[in-house]
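Structure file protein_22.txt (compact mmCIF, C-alpha atoms and all ligand atoms) is printed below.
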# COMPACT_ATOMS: atom_id res chain seq x y z
CA MET Y 1 21.74 16.79 6.54
CA ALA Y 2 18.48 15.47 7.88
CA LEU Y 3 18.03 12.96 5.08
CA ARG Y 4 21.60 11.71 5.44
CA GLU Y 5 21.16 11.23 9.18
CA THR Y 6 17.92 9.38 8.59
CA LEU Y 7 19.62 7.13 6.06
CA GLY Y 8 22.35 6.35 8.58
CA ARG Y 9 19.96 5.43 11.36
CA ALA Y 10 16.98 3.77 9.75
CA PRO Y 11 16.72 2.82 6.10
CA TYR Y 12 12.94 2.41 6.33
CA ALA Y 13 12.54 6.01 7.45
CA ALA Y 14 14.31 7.09 4.26
CA VAL Y 15 11.82 5.10 2.21
CA PHE Y 16 8.99 6.99 3.80
CA THR Y 17 10.74 10.32 3.25
CA LEU Y 18 11.04 9.49 -0.44
CA LEU Y 19 7.49 8.25 -0.49
CA THR Y 20 6.26 11.51 0.93
CA LEU Y 21 7.99 13.30 -1.94
CA PHE Y 22 6.35 10.99 -4.45
CA GLY Y 23 3.03 11.41 -2.68
CA THR Y 24 3.26 15.18 -3.02
CA TRP Y 25 3.97 14.76 -6.70
CA SER Y 26 1.02 12.53 -7.45
CA CYS Y 27 -1.56 13.99 -5.11
CA GLU Y 28 -2.83 16.68 -7.48
CA SER Y 29 -4.30 13.95 -9.61
CA ARG Y 30 -6.31 12.40 -6.83
CA ALA Y 31 -10.04 12.83 -6.78
CA PRO Y 32 -11.04 15.28 -4.06
CA ALA Y 33 -11.91 13.38 -0.90
CA PRO Y 34 -15.47 13.54 0.31
CA PRO Y 35 -15.91 15.35 3.62
CA PRO Y 36 -15.72 13.28 6.81
CA ALA Y 37 -18.95 11.78 8.07
CA SER Y 38 -20.29 13.27 11.26
CA GLN Y 39 -21.53 11.00 14.03
CA SER Y 40 -23.28 8.30 12.07
CA GLN Y 41 -21.20 5.33 10.98
CA SER Y 42 -23.70 3.44 8.89
CA GLY Y 43 -24.70 3.23 5.26
CA SER Y 44 -23.38 5.75 2.78
CA SER Y 45 -21.90 8.05 5.43
CA GLN Y 46 -19.76 5.11 6.57
CA VAL Y 47 -18.59 4.57 2.99
CA GLN Y 48 -17.86 8.31 2.66
CA ARG Y 49 -15.85 8.22 5.85
CA GLY Y 50 -13.92 5.21 4.47
CA ALA Y 51 -13.20 7.05 1.21
CA TYR Y 52 -11.91 10.02 3.20
CA LEU Y 53 -9.61 7.82 5.32
CA VAL Y 54 -8.30 5.87 2.31
CA ALA Y 55 -7.48 9.14 0.52
CA TYR Y 56 -5.74 10.59 3.56
CA GLY Y 57 -4.00 7.28 4.33
CA GLY Y 58 -2.32 7.32 0.91
CA CYS Y 59 -3.35 3.72 0.10
CA ASN Y 60 -3.46 4.89 -3.50
CA ASP Y 61 0.26 5.71 -3.59
CA CYS Y 62 1.28 2.08 -3.18
CA HIS Y 63 -1.84 0.13 -4.14
CA THR Y 64 -2.80 1.78 -7.47
CA PRO Y 65 -0.78 1.16 -10.67
CA LYS Y 66 0.16 4.39 -12.43
CA THR Y 67 0.22 5.58 -16.00
CA PHE Y 68 3.21 7.69 -16.96
CA THR Y 69 2.51 11.16 -18.29
CA PRO Y 70 4.67 14.25 -18.92
CA ARG Y 71 3.49 15.41 -15.49
CA GLY Y 72 4.82 12.27 -13.85
CA PRO Y 73 3.06 9.09 -12.70
CA VAL Y 74 -0.74 9.38 -12.40
CA PRO Y 75 -2.95 6.78 -10.66
CA ASP Y 76 -4.66 4.56 -13.26
CA SER Y 77 -8.36 4.99 -12.47
CA THR Y 78 -9.25 1.80 -14.38
CA ARG Y 79 -7.16 -0.20 -11.88
CA PHE Y 80 -7.86 1.84 -8.76
CA LEU Y 81 -6.35 0.11 -5.68
CA ALA Y 82 -5.84 -3.09 -7.71
CA GLY Y 83 -2.26 -3.65 -6.48
CA TYR Y 84 0.96 -4.55 -8.26
CA PRO Y 85 0.02 -5.52 -11.84
CA ALA Y 86 0.57 -9.29 -12.15
CA ASP Y 87 1.66 -8.86 -15.79
CA ALA Y 88 4.35 -6.24 -15.02
CA LYS Y 89 7.81 -7.28 -16.14
CA LEU Y 90 10.23 -6.07 -13.50
CA PRO Y 91 13.92 -6.84 -13.95
CA PRO Y 92 15.65 -8.55 -11.01
CA VAL Y 93 17.22 -6.27 -8.41
CA THR Y 94 20.82 -5.58 -9.40
CA PRO Y 95 22.99 -7.67 -7.05
CA GLY Y 96 24.79 -5.47 -4.53
CA ALA Y 97 22.48 -2.47 -5.11
CA LEU Y 98 21.16 -2.59 -1.53
CA GLY Y 99 23.08 -2.64 1.74
CA PRO Y 100 23.77 -0.79 4.99
CA ASP Y 101 26.17 1.58 3.19
CA LYS Y 102 24.10 1.71 -0.03
CA TRP Y 103 20.46 2.39 -0.87
CA GLY Y 104 18.10 1.01 1.78
CA ALA Y 105 15.27 0.19 -0.61
CA LEU Y 106 14.21 0.47 -4.24
CA ALA Y 107 10.73 0.90 -5.70
CA SER Y 108 9.17 0.25 -9.08
CA GLY Y 109 8.26 3.45 -10.94
CA ASP Y 110 4.60 3.10 -9.96
CA LEU Y 111 5.44 2.31 -6.30
CA THR Y 112 3.57 -1.02 -6.31
CA ALA Y 113 6.72 -3.16 -5.86
CA TRP Y 114 9.44 -2.63 -3.28
CA ALA Y 115 12.85 -4.24 -2.77
CA GLY Y 116 14.74 -4.01 0.50
CA PRO Y 117 16.41 -6.14 3.14
CA TRP Y 118 13.07 -7.99 3.41
CA GLY Y 119 13.21 -9.19 -0.22
CA VAL Y 120 10.65 -7.89 -2.71
CA SER Y 121 7.10 -7.03 -1.64
CA PHE Y 122 4.16 -6.38 -3.94
CA SER Y 123 1.21 -4.22 -2.91
CA ALA Y 124 -2.04 -6.16 -2.55
CA ASN Y 125 -5.19 -5.95 -4.66
CA LEU Y 126 -7.69 -4.14 -2.38
CA THR Y 127 -10.67 -4.42 -4.75
CA PRO Y 128 -13.53 -6.85 -3.95
CA ASP Y 129 -12.56 -9.25 -6.78
CA GLU Y 130 -11.81 -12.86 -5.73
CA THR Y 131 -8.12 -12.14 -6.50
CA GLY Y 132 -8.30 -9.18 -4.10
CA LEU Y 133 -10.22 -8.78 -0.84
CA GLY Y 134 -13.30 -10.58 -2.26
CA GLY Y 135 -13.13 -13.38 0.30
CA TRP Y 136 -12.34 -11.09 3.23
CA ASN Y 137 -14.75 -9.86 5.89
CA GLU Y 138 -14.63 -6.89 8.23
CA GLU Y 139 -13.27 -8.94 11.13
CA LEU Y 140 -10.39 -10.35 9.07
CA PHE Y 141 -9.52 -6.88 7.77
CA ILE Y 142 -9.41 -5.40 11.29
CA LYS Y 143 -7.37 -8.33 12.61
CA THR Y 144 -4.84 -7.94 9.77
CA MET Y 145 -4.41 -4.21 10.35
CA ARG Y 146 -4.12 -4.67 14.14
CA THR Y 147 -1.66 -7.60 14.12
CA GLY Y 148 0.39 -6.86 10.98
CA LYS Y 149 0.04 -10.54 10.04
CA HIS Y 150 -0.91 -11.74 6.55
CA LEU Y 151 -4.64 -12.58 6.66
CA GLY Y 152 -4.56 -11.77 10.38
CA VAL Y 153 -2.72 -14.97 11.36
CA GLY Y 154 0.10 -15.72 8.88
CA ARG Y 155 3.56 -14.31 8.22
CA ASP Y 156 4.51 -10.75 9.21
CA LEU Y 157 3.39 -8.15 6.68
CA LEU Y 158 6.40 -6.68 4.90
CA PRO Y 159 7.49 -3.07 4.47
CA PRO Y 160 6.52 -0.61 3.34
CA MET Y 161 2.90 -1.55 4.22
CA PRO Y 162 2.28 0.89 7.13
CA TRP Y 163 -0.07 -1.41 9.05
CA ASN Y 164 1.14 -0.13 12.44
CA ASP Y 165 0.00 3.38 11.51
CA ILE Y 166 -3.33 2.12 10.19
CA ALA Y 167 -3.74 0.12 13.44
CA ALA Y 168 -4.09 3.45 15.26
CA LEU Y 169 -7.56 3.90 13.72
CA THR Y 170 -10.61 3.07 15.81
CA ASP Y 171 -12.66 -0.04 15.02
CA ASP Y 172 -15.36 2.21 13.52
CA ASP Y 173 -12.82 3.85 11.21
CA LEU Y 174 -11.34 0.50 10.13
CA LYS Y 175 -14.88 -0.74 9.44
CA ALA Y 176 -15.46 2.40 7.35
CA VAL Y 177 -12.26 1.78 5.35
CA PHE Y 178 -13.33 -1.81 4.68
CA ALA Y 179 -16.90 -0.73 3.77
CA TYR Y 180 -15.47 1.72 1.24
CA LEU Y 181 -13.08 -0.89 -0.25
CA ARG Y 182 -16.17 -3.11 -0.79
CA THR Y 183 -17.63 -0.42 -3.09
CA LEU Y 184 -14.62 -0.37 -5.48
CA LYS Y 185 -14.84 -1.75 -8.99
CA PRO Y 186 -13.57 -5.37 -8.73
CA VAL Y 187 -10.36 -5.78 -10.75
CA LYS Y 188 -9.00 -9.23 -11.59
CA ASN Y 189 -5.30 -9.12 -10.69
CA LYS Y 190 -3.55 -11.90 -8.82
CA VAL Y 191 -0.62 -10.22 -7.09
CA PRO Y 192 2.40 -12.55 -6.70
CA PRO Y 193 3.66 -13.57 -3.26
CA PRO Y 194 6.72 -11.74 -1.91
CA VAL Y 195 10.19 -12.83 -3.00
CA PRO Y 196 12.41 -13.75 -0.02
CA PRO Y 197 15.76 -11.94 0.31
CA ALA Y 198 17.95 -14.99 -0.20
CA GLY Y 199 19.56 -14.95 -3.61
CA GLY Y 200 18.02 -11.73 -4.84
CA ALA Y 201 17.41 -8.50 -3.07
CA ARG Y 202 20.72 -7.86 -1.34
C1 LIG A 301 3.97 2.68 1.47
C2 LIG A 301 3.20 1.75 0.64
C3 LIG A 301 1.84 1.31 1.15
C4 LIG A 301 0.82 2.08 1.63
C5 LIG A 301 0.78 3.60 1.79
C6 LIG A 301 -0.27 1.19 1.95
N1 LIG A 301 0.08 -0.09 1.68
FE1 LIG A 301 -1.05 -1.75 1.99
N2 LIG A 301 0.47 -2.94 1.34
C7 LIG A 301 1.68 -2.49 0.84
C8 LIG A 301 2.50 -3.63 0.46
C9 LIG A 301 3.90 -3.58 -0.15
C10 LIG A 301 1.75 -4.78 0.79
C11 LIG A 301 2.19 -6.24 0.66
C12 LIG A 301 2.84 -6.64 1.99
C13 LIG A 301 3.21 -8.10 2.08
O1 LIG A 301 3.08 -8.84 1.09
O2 LIG A 301 3.61 -8.52 3.17
C14 LIG A 301 0.48 -4.31 1.33
C15 LIG A 301 -0.53 -5.15 1.75
C16 LIG A 301 -1.80 -4.73 2.16
C17 LIG A 301 -2.90 -5.61 2.49
C18 LIG A 301 -2.87 -7.15 2.43
C19 LIG A 301 -2.54 -7.72 3.79
C20 LIG A 301 -2.39 -9.22 3.74
O3 LIG A 301 -2.88 -9.90 4.67
O4 LIG A 301 -1.79 -9.77 2.81
C21 LIG A 301 -3.97 -4.82 2.80
C22 LIG A 301 -5.36 -5.28 3.19
C23 LIG A 301 -3.52 -3.44 2.70
N3 LIG A 301 -2.20 -3.44 2.31
C24 LIG A 301 -4.32 -2.34 2.93
C25 LIG A 301 -3.87 -1.02 2.88
C26 LIG A 301 -4.71 0.13 3.17
C27 LIG A 301 -6.18 0.07 3.52
C28 LIG A 301 -3.91 1.24 3.03
C29 LIG A 301 -4.26 2.69 3.27
C30 LIG A 301 -4.92 3.00 4.54
C31 LIG A 301 -2.58 0.77 2.66
N4 LIG A 301 -2.60 -0.59 2.57
C32 LIG A 301 -1.48 1.61 2.44
C33 LIG A 301 2.08 -1.17 0.71
C34 LIG A 301 1.36 -0.07 1.16
The structure in this file should be written as structure tokens.
Amino acid sequence: MALRETLGRAPYAAVFTLLTLFGTWSCESRAPAPPPASQSQSGSSQVQRGAYLVAYGGCNDCHTPKTFTPRGPVPDSTRFLAGYPADAKLPPVTPGALGPDKWGALASGDLTAWAGPWGVSFSANLTPDETGLGGWNEELFIKTMRTGKHLGVGRDLLPPMPWNDIAALTDDDLKAVFAYLRTLKPVKNKVPPPVPPAGGAR
């Protein structure tokens, strides 16, 4: 059916279909988003607007570690948007598990690590700690979201980071997202660099 066709044509699309299912599962536990700001884009209304966009944009689904409860995975509020936990012990991807005629991608149970044809990617720490976005500024954040390059100039950002969707936001909205991320509790968590596909993910 639809899912099978999607799998045939574009493995990434299947990842997002699955992600949507996961998102539906975990969304009850999210804090209610503040209402959108009206015209003004400064001060606390800008931060509120950013919180609203981050909630709607589902950054939480991939960037917040989860705790596992009988109701399923729940975002860990003590590590909100702190990225893939550096101390997590993930087993290697089973050789041969991924391929054009097999699963297109695999995710860790908390959706902070992803394996696919691109290797293994780990969601970034978005808190203002020095191990997260502490050294970033608004300009760098906007450049990264617009170009899809690591730190705005480096390698291509890997799936499933949906930078091309986030790039559709206006500059004011991206500034609001960044202003909100600045208000998060800083969490020390040095996320590892991605693992290239050679010798592992496929
Ligand atoms: C579907 C999962 C997913 C969602 C949703 C998601 N991200 Fe990401 N994000 C990732 C992954 C995985 C990486 C690491 C990519 C890499 O290493 O190339 C990442 C990396 C990043 C980075 C670091 C970029 C860099 O230069 O290294 C930033 C900043 C970021 N995401 C912001 C956001 C924001 C803001 C949102 C919500 C509006 C968001 N992400 C939603 C998965 C996601």
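Ranking Y:Tyr84, Y:Tyr180, Y:Phe68, Y:Tyr52 by their shortest atom-to-atom distance to Y:Ala124, with only C-alpha atoms included, puts Y:Tyr84 first.
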Test item: residues lying within 6 Å of ligand LIG 301 (chain A) with all atoms listed in the file, as a PDB file with C-alpha atoms, in the coordinates of the input:
ATOM      1  CA  VAL Y  54      -8.300   5.870   2.310  1.00  0.00           C
ATOM      2  CA  GLY Y  57      -4.000   7.280   4.330  1.00  0.00           C
ATOM      3  CA  GLY Y  58      -2.320   7.320   0.910  1.00  0.00           C
ATOM      4  CA  CYS Y  59      -3.350   3.720   0.100  1.00  0.00           C
ATOM      5  CA  ASP Y  61       0.260   5.710  -3.590  1.00  0.00           C
ATOM      6  CA  CYS Y  62       1.280   2.080  -3.180  1.00  0.00           C
ATOM      7  CA  SER Y 121       7.100  -7.030  -1.640  1.00  0.00           C
ATOM      8  CA  PHE Y 122       4.160  -6.380  -3.940  1.00  0.00           C
ATOM      9  CA  SER Y 123       1.210  -4.220  -2.910  1.00  0.00           C
ATOM     10  CA  ALA Y 124      -2.040  -6.160  -2.550  1.00  0.00           C
ATOM     11  CA  THR Y 144      -4.840  -7.940   9.770  1.00  0.00           C
ATOM     12  CA  HIS Y 150      -0.910 -11.740   6.550  1.00  0.00           C
ATOM     13  CA  LEU Y 151      -4.640 -12.580   6.660  1.00  0.00           C
ATOM     14  CA  LEU Y 157       3.390  -8.150   6.680  1.00  0.00           C
ATOM     15  CA  LEU Y 158       6.400  -6.680   4.900  1.00  0.00           C
ATOM     16  CA  PRO Y 159       7.490  -3.070   4.470  1.00  0.00           C
ATOM     17  CA  PRO Y 160       6.520  -0.610   3.340  1.00  0.00           C
ATOM     18  CA  MET Y 161       2.900  -1.550   4.220  1.00  0.00           C
ATOM     19  CA  PRO Y 162       2.280   0.890   7.130  1.00  0.00           C
ATOM     20  CA  ILE Y 166      -3.330   2.120  10.190  1.00  0.00           C
ATOM     21  CA  PRO Y 194       6.720 -11.740  -1.910  1.00  0.00           C
TER      22      PRO Y 194
END
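The spacing separating atom CA of Y:Lys175 from atom CA of Y:Thr78 amounts to 24.6 Å.
With all atoms listed in the file as the atoms that count, the residue of Y:Gly148, Y:Lys143, Y:Gly96, Y:Lys190 with the shortest distance to Y:Pro117 is Y:Gly96.
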request  = Find the residues around Y:Asp110 up to 7 Å (all atoms listed in the file counted), leave out those fewer than 3 positions away in its own chain, and share them as JSON, numbers by chain.
outcome  = {"Y": [65, 66, 73]}
request  = Write out as a ChimeraX atom specification each polymer residue whose atoms come within 9 Å of Y:Lys188, counting only C-alpha atoms; drop sequence neighbours fewer than 2 positions from it.
outcome  = /Y:82,125,127,129-132,186,190
Determine, counting all atoms listed in the file, every residue of protein, DNA or RNA that lies within 12 Å of (-14.5, -10.6, 8.7) in the file coordinates, then give the result as a PDB file with C-alpha atoms, in the frame of the given file.
ATOM      1  CA  LEU Y 133     -10.220  -8.780  -0.840  1.00  0.00           C
ATOM      2  CA  GLY Y 134     -13.300 -10.580  -2.260  1.00  0.00           C
ATOM      3  CA  GLY Y 135     -13.130 -13.380   0.300  1.00  0.00           C
ATOM      4  CA  TRP Y 136     -12.340 -11.090   3.230  1.00  0.00           C
ATOM      5  CA  ASN Y 137     -14.750  -9.860   5.890  1.00  0.00           C
ATOM      6  CA  GLU Y 138     -14.630  -6.890   8.230  1.00  0.00           C
ATOM      7  CA  GLU Y 139     -13.270  -8.940  11.130  1.00  0.00           C
ATOM      8  CA  LEU Y 140     -10.390 -10.350   9.070  1.00  0.00           C
ATOM      9  CA  PHE Y 141      -9.520  -6.880   7.770  1.00  0.00           C
ATOM     10  CA  ILE Y 142      -9.410  -5.400  11.290  1.00  0.00           C
ATOM     11  CA  LYS Y 143      -7.370  -8.330  12.610  1.00  0.00           C
ATOM     12  CA  THR Y 144      -4.840  -7.940   9.770  1.00  0.00           C
ATOM     13  CA  LEU Y 151      -4.640 -12.580   6.660  1.00  0.00           C
ATOM     14  CA  GLY Y 152      -4.560 -11.770  10.380  1.00  0.00           C
ATOM     15  CA  LEU Y 174     -11.340   0.500  10.130  1.00  0.00           C
ATOM     16  CA  LYS Y 175     -14.880  -0.740   9.440  1.00  0.00           C
ATOM     17  CA  PHE Y 178     -13.330  -1.810   4.680  1.00  0.00           C
ATOM     18  CA  ALA Y 179     -16.900  -0.730   3.770  1.00  0.00           C
TER      19      ALA Y 179
END
inquiry  = Can you measure atom CA of Y:Thr64 to atom CA of Y:Val93 for me? One decimal in Å is fine.
reply    = 21.6 Å
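For the choices Y:Pro197, Y:Met145, Y:Val153, Y:Thr112, the atom-to-atom distance to Y:Asp165 is smallest for Y:Met145 when using all atoms listed in the file.
Of the listed residues Y:Val120, Y:Ala88, Y:Pro95, Y:Thr170, the one whose atoms come nearest to Y:Ala107 is Y:Val120, with distances taken using all atoms listed in the file.
Pairwise distance (atom CA of Y:Leu181, atom CA of Y:Ala115) equals 26.3 Å.
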